[in-house]
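Visitor: One structure, pasted below without further comment.
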Amino acid sequence: MVFERITLHNFQRYHGTSSIDFPDPDQSKSIVLVLAPNNSGKTTVLRALEFLLFGHLHGYDRSTLWNLANYHARQSTPQGENLSVWVEARLRIGNNEPITIRREFSVRQTGPDRWAAEGPYLLSKKIDRPTADLIPEADGSLQSQIEADVPPDLFSWFYFAGEPANGRMSSSNSMALTEPLRKAIQIRRWSDAIFTAKETLNNLRKQLKKASESHGAYAELLRRKDVVTRNRDSNREALIEAHNRLNELKSEFQELDSECLRTSKKAEESQELYQRLKDQEQKRDRAKDLLQKSEKDVASLIARSAGLPLLEPGLPEIGKRLKELRNANLLPADISKGFIERLLAASQCVCGRDHDDGARQHLESYLEQTLASRTNNDLVNLANALEGGESSPIYESIQNYPKRLQSAIGRKSEAVRDQKQAEEAISDLEPRVESSSIETFSRLIKQRNEVSSKVRTQERETDELARTIKTQENTLQGLKDDLTKARPKRGADKLALLEGAIKVSEKLVENLQEGQQTFQNTVYDLLQQRLSAHFDPAVSGDNRAKLDRQTLLPVIIDSAGNTIKNAGGGETQVLSIAFVVSLAELRSQINKDMKEAGLAGRLLGEQSFILDSPFTSADHNYMRAIADFLPNKAPQLLVLLAKQNWPDTVREALEPHIASAYGVTLHTSAKAHDPSSFEFEVSGKSICLLQEIEDTEESYTTFSKI
Amino acid sequence: MPPSEKDNDSTPLETTNQLREFFDALPEAERDLVITTLDLQMANNPALSAKEKQSKLEALILKQVS
């Protein structure tokens with residue numbers, strides 16, 4: 001079902017007439033945005049649609065229907081006069097042409113604070129013109145069409161506040177949803193058909209039994225045939241179960257096998273990660289050594305320099321001074337040397353004693369070792385060294401010092417950087433190596449082999465049942481031949497007719513059972529395909545969506561195939577929406593296939609969605625993820641949002657896909673509210689959805705296009 | 001891995017045609033009967049009780065056999 005327009009007239013909070021126009025389903029922009037302050041009537045839109053489609057609302061009966069009429073409209077209607085209340089839509093049911101339908105009732109005041117309602121009635125335009133009259137529906141066929149397109153049980157799946165199906169999809173009581181689901185996707189139709197065919201078969205058998213009562217031999221053959229047939233039927237049902245079990249096991253095996261393959265690749269990746277960890281550890285150790293060495297070099301250079309580099313600027317002056325000393329014959333300062341030499345040249349000491357060999361040796365040694373002498377030599381050497389100016393080796397040595405120091409410091413910095421990089425890489429790699437998939441792989445392989453063994457056992461059981469059935473069918477064929485031969489002449493035609501009808505009925509049951517299996521498997525495969533295509537790329541990590549074979553409802557599984565029961569951050573909401581979108585697509589496809597197969601039924605068309613506050617359970621990241629997920633998931637998406645659900649991230653994600661936007665203006669006493677909570681930013685505009693009215697009046701709501 | 005880096009090459013949404021193959025494999029008379037029985041369960045036959053559906057089907061089968 002897709003809409004062109006929905007109009008509310010004096011319905012609940014909506015005073016007067018308010019309409020929402022929908023985009024053409026073929027248009028690229030599919031979203032109709034409705035921004036609304038809290039408690040202004042967002043959910044009323046859903047209730048209005050439910051009322052329009054089905055003519056009733058939970059909590060309202062005939063005696064309280066008048067309460068759905070807008071307060072202001074009632075107050076301004078004179079006592080005894082009728083107030084008309086209605087919800088109208090121009091919509092497309094299935095693949096039919098657009099039609100205008102209206103659900104209307106009237107309200108009349110019957111006394112002080114007493115009201116009575118008449119209706120509601122379903123009306124439609126028989127001629128598709130704006131001026132054409134709305135005619136009440138008499139035969140219920142329009143209602144049937146509506147309910148075939150939107151089954152009441154599935155209303156909250158396509159049009160929901162918060163989560164689809166009132167959030168029950170992910171609850172433990174999900175089986176309660178399976179029956180409406182089976183009905184909606186026509187699995188139930190096959191079960192019902194099998195029931196009808198079996199009832200027919202049983203009745204025909206009873207008739208044949210009764211007709212053969214007076215024919216002993218024939219009746220005995222018939223009895224034997226019934227026994228074999230019952231056994232055969234029982235085995236046939238067991239075979240169907242066995243086939244189902246086998247298919248489930250095969251599917252389980254295939255999933256495990258694929259997971260084994262994925263995990264084995266991850267195990268290879270783990271090996272590579274381990275090697276990278278080792279490399280980084282070596283790199284870190286090498287950097288550590290280099291750091292220690294370069295630190296030593298720096299320390300040594302600083303120590304060995306003895307501060308000489310600091311003297312560099314003074315060296316020319318020192319050289320000049322030494323040169324002056326040399327020219328003045330003061331360098332070498334030979335006083336001490338001459339004095340000693342004079343002492344040595346004399347045969348006696350100044351004290352008058354003769355110089356013996358010991359004294360002479362001592363004086364020579366003194367001459368060599370004296371500090372004055374060494375200083376003298378050093379100063380002469382320095383003077384010589386400085387003699388050549390800046391080309392002298394001492395200059396070169398001093399000038400190279402900064403380069404050598406810089407180089408050592410550079411090696412140290414490089415070692416520090418390498419060590420840091422290696423340590424960062426190690427801290428990244430260690431947990432990844434720790435979570436190595438090798439253990440998981442081993443567990444999965446074990447599971448896979450166990451399931452493989454179960455598959456073989458199940459195959460044997462299935463083959464055995466098939467062989468037994470074949471034998472029983474051969475026996476039955478023999479009995480049928482015997483029955484034909486033993487058929488008494490009296491009443492032979494009737495007996496032959498019943499035998500033939502039973503044969504046809506048996507085949508019908510068999511065909512329907514086979515068809516049901518084919519149909520169920522097709523439905524399961526198609527729904528799973530669609531669900532995976534919508535959900536898997538929309539979520540982070542390796543989580544995937546899987547359809548439960550029993551409930552046909554979706555669950556989230558992790559990379560090891562384990563069900564995740566409490567997926568956080570709105571992932572469950574993405575799953576639920578992905579599922580209902582898949583379901584809508586599947587229903588349309590099934591109907592098309594059934595129609596093409598020659599089965600009666602209306603073709604279901606495209607399905608629109610109305611989502612009221614779909615971010616309720618989501619954290620900030622998943623609000624964005626859900627907002628990114630929504631566009632183009634259905635031909636029309638009406639999204640109703642309050643201010644807290646309209647942060648910048650959501651706006652950025654949705655705005656490019658908005659076909660039209662509406663604001664729900666709350667007409668109320670401004671005193672009771674903070675005006676800032678009514679201000680919204682949309683399409684670069686700032687709008688205020690608060691309209692002040694008198695304190696005494698009850699608040700009401702209107703739509704306006706933004 | 002962020003969603004954008006995930007494999008976005010979704011499975012093509014095509015019917016497997018298993019259902020059509022099933023119907024095509026049935027002889028015409030059997031197919032008609034299967035279709036008729038399924039049609040009896042349609043929502044536009046809500047007025048029919050289980051007994052009425054069975055009687056209708058039985059009459060059809062007997063007519064086909066006779």
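The chains in the structure tokens are called A, B, ... from first to last as shown; in each chain the residues are counted from 1, and the ligands are counted from 1 in the order shown.
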Show which residues sit within 10 Å of Arg31 (chain B), as JSON, numbers by chain. Count only C-alpha atoms, and ignore same-chain residues fewer than 5 positions away.

Guide: {"A": [508, 511, 512, 597, 598], "B": [22, 23, 24, 25, 26, 36, 37]}

Visitor: Quick check: residues of chain A within 6 Å of chain B, only C-alpha atoms, returned as a compact mmCIF listing (two decimals) with C-alpha atoms, in the first residue's frame.

Guide:
# COMPACT_ATOMS: atom_id res chain seq x y z
CA ARG A 189 -2.64 -21.13 3.03
CA ALA A 193 -5.18 -26.62 1.94
CA THR A 196 -8.99 -29.60 3.58
CA THR A 200 -11.81 -34.87 1.92
CA ALA A 501 -11.59 -40.22 -6.03
CA ALA A 533 21.34 -7.81 1.90
CA PRO A 537 26.31 -4.14 5.26
CA ALA A 538 24.52 -1.74 7.62
CA VAL A 539 26.22 -2.79 10.86
CA SER A 540 29.79 -2.65 12.10
CA GLY A 541 31.89 -5.72 12.79
CA ALA A 597 1.75 -19.82 -11.12
CA LEU A 599 -3.10 -19.04 -8.17
CA ALA A 600 -5.90 -16.66 -7.40

Visitor: Measuring atom to atom with only C-alpha atoms, identify which of A:Glu341, A:Glu430, A:Glu606, A:Glu390 is nearest to Phe3 (chain A).

Guide: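 Of all the options, A:Glu606 lies closest to Phe3 (chain A).
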
Visitor: Between CA of Lys126 (chain A) and CA of Ser144 (chain A), measure the distance and give it in Å to one decimal.

Guide: 16.5 Å

Visitor: From the set A:Ala385, A:Ser191, A:Asp428, A:Glu317, which residue has the shortest atom-to-atom contact distance to Leu277 (chain A), counting only C-alpha atoms?

Guide: A:Asp428

Visitor: Ranking A:Leu483, A:Val85, A:Ala242, A:Val580 by minimum distance to His15 (chain A) and counting only C-alpha atoms, which one comes first?

Guide: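 Of all the options, A:Val85 lies closest to His15 (chain A).
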
Visitor: Based on DSSP run over this structure's backbone, return all residues of region 129-313 of chain A in strand (DSSP E), as a VMD selection string.

Guide: chain A and resid 134 to 136 159 to 161

Visitor: Could you give me the residues within region 326-535 of chain A that DSSP places in alpha helix (DSSP H), as an MDAnalysis selection string?

Guide: chainID A and resid 326:327 335:345 357:369 371:387 393:434 438:486 492:535
